[in-house]
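What's in query-v1.pdb: PDB, C-alpha atoms, pLDDT in the B column
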```
MODEL        1
ATOM      1  CA  MET C   1     254.967 177.907 119.437  1.00 78.00           C
ATOM      2  CA  LEU C   2     254.467 174.211 119.929  1.00 83.00           C
ATOM      3  CA  GLY C   3     251.231 174.941 121.792  1.00 82.00           C
ATOM      4  CA  GLY C   4     249.868 176.926 118.846  1.00 79.00           C
ATOM      5  CA  VAL C   5     250.818 174.232 116.353  1.00 80.00           C
ATOM      6  CA  ALA C   6     249.274 171.527 118.537  1.00 84.00           C
ATOM      7  CA  TRP C   7     246.146 173.653 118.937  1.00 79.00           C
ATOM      8  CA  ALA C   8     245.884 174.014 115.146  1.00 76.00           C
ATOM      9  CA  PHE C   9     246.174 170.235 114.705  1.00 81.00           C
ATOM     10  CA  LEU C  10     243.722 169.407 117.483  1.00 79.00           C
ATOM     11  CA  GLN C  11     241.143 171.973 116.376  1.00 79.00           C
ATOM     12  CA  PRO C  12     241.681 172.477 112.623  1.00 74.00           C
ATOM     13  CA  TYR C  13     238.263 174.096 112.241  1.00 72.00           C
ATOM     14  CA  ARG C  14     239.659 177.125 114.124  1.00 68.00           C
ATOM     15  CA  VAL C  15     242.251 177.759 111.396  1.00 68.00           C
ATOM     16  CA  THR C  16     240.094 179.388 108.747  1.00 63.00           C
ATOM     17  CA  LEU C  17     243.018 179.525 106.332  1.00 62.00           C
ATOM     18  CA  LEU C  18     242.063 175.930 105.571  1.00 57.00           C
ATOM     19  CA  HIS C  19     238.568 177.006 104.451  1.00 62.00           C
ATOM     20  CA  PRO C  20     238.562 180.803 103.871  1.00 66.00           C
ATOM     21  CA  HIS C  21     235.230 181.043 102.034  1.00 71.00           C
ATOM     22  CA  GLY C  22     233.614 184.399 102.778  1.00 74.00           C
ATOM     23  CA  GLN C  23     236.192 185.467 105.371  1.00 72.00           C
ATOM     24  CA  GLY C  24     237.955 188.834 105.381  1.00 75.00           C
ATOM     25  CA  PHE C  25     241.649 189.521 105.934  1.00 73.00           C
ATOM     26  CA  TRP C  26     241.397 190.178 109.686  1.00 72.00           C
ATOM     27  CA  TRP C  27     239.348 187.050 110.255  1.00 72.00           C
ATOM     28  CA  LEU C  28     242.110 185.056 108.545  1.00 69.00           C
ATOM     29  CA  ALA C  29     245.091 186.875 110.081  1.00 72.00           C
ATOM     30  CA  ILE C  30     243.906 187.100 113.694  1.00 77.00           C
ATOM     31  CA  GLU C  31     243.283 183.508 114.698  1.00 76.00           C
ATOM     32  CA  PRO C  32     244.167 182.207 118.177  1.00 77.00           C
ATOM     33  CA  PRO C  33     246.500 179.369 117.046  1.00 79.00           C
ATOM     34  CA  LEU C  34     248.356 181.717 114.699  1.00 79.00           C
ATOM     35  CA  LEU C  35     248.681 184.343 117.431  1.00 85.00           C
ATOM     36  CA  VAL C  36     250.158 181.766 119.815  1.00 85.00           C
ATOM     37  CA  VAL C  37     252.734 180.759 117.195  1.00 86.00           C
ATOM     38  CA  LEU C  38     253.522 184.426 116.504  1.00 89.00           C
ATOM     39  CA  ALA C  39     253.999 185.111 120.214  1.00 91.00           C
ATOM     40  CA  GLY C  40     256.421 182.173 120.396  1.00 90.00           C
ATOM     41  CA  ILE C  41     258.418 183.469 117.436  1.00 92.00           C
ATOM     42  CA  VAL C  42     258.600 186.977 118.915  1.00 94.00           C
ATOM     43  CA  PHE C  43     259.738 185.563 122.245  1.00 95.00           C
ATOM     44  CA  ALA C  44     262.348 183.313 120.621  1.00 94.00           C
ATOM     45  CA  PHE C  45     263.929 186.103 118.564  1.00 95.00           C
ATOM     46  CA  LEU C  46     263.444 189.223 120.686  1.00 95.00           C
ATOM     47  CA  VAL C  47     263.211 188.232 124.347  1.00 95.00           C
ATOM     48  CA  ALA C  48     265.071 184.945 124.821  1.00 95.00           C
ATOM     49  CA  PRO C  49     268.495 186.115 123.520  1.00 95.00           C
ATOM     50  CA  SER C  50     268.549 188.998 126.027  1.00 95.00           C
ATOM     51  CA  VAL C  51     267.522 186.719 128.891  1.00 95.00           C
ATOM     52  CA  ILE C  52     270.233 184.198 127.993  1.00 95.00           C
ATOM     53  CA  GLU C  53     272.827 186.970 127.774  1.00 94.00           C
ATOM     54  CA  ASP C  54     271.812 188.315 131.191  1.00 94.00           C
ATOM     55  CA  LEU C  55     271.988 184.837 132.727  1.00 94.00           C
ATOM     56  CA  GLU C  56     275.454 184.237 131.273  1.00 94.00           C
ATOM     57  CA  THR C  57     276.653 187.618 132.596  1.00 92.00           C
ATOM     58  CA  TYR C  58     275.243 186.819 136.031  1.00 92.00           C
ATOM     59  CA  GLU C  59     276.943 183.403 136.095  1.00 90.00           C
ATOM     60  CA  GLU C  60     280.307 184.913 135.120  1.00 89.00           C
ATOM     61  CA  GLY C  61     280.077 187.400 137.992  1.00 83.00           C
ATOM     62  CA  GLN C  62     279.543 184.707 140.608  1.00 75.00           C
TER
ENDMDL
END
```
Please render this file's structure as structure tokens.
Amino acid sequence: MLGGVAWAFLQPYRVTLLHPHGQGFWWLAIEPPLLVVLAGIVFAFLVAPSVIEDLETYEEGQ
């Protein structure tokens, strides 16, 4: 997520939400920095908890 936010700050011209003149919905919704942030959010809420739980279970079994 931090990579996507940094990307948006370093290359603000890529985030067309800042200047949406003449752009359609998909052009605004599917932007690389926003997709990187979305992937980070999905990982944080859907993947990471399961990985942490598996690691804790593995450590308890040792």
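If you count only C-alpha atoms and ignore residues fewer than 5 places along the chain from region 31-33 of chain C, what sits within 7 Å of it is Gly4, Val5, Trp7, Ala8 and Val15 of chain C.
CA of Ala44 (chain C) to CA of Ile30 (chain C) spans 20.1 Å [interatomic distance, one decimal].
Between CA of Ala29 (chain C) and CA of Pro49 (chain C) lies a distance of 27.0 Å.
The two atoms in question, CA of Leu35 (chain C) and CA of Gly3 (chain C), are spaced 10.7 Å apart.
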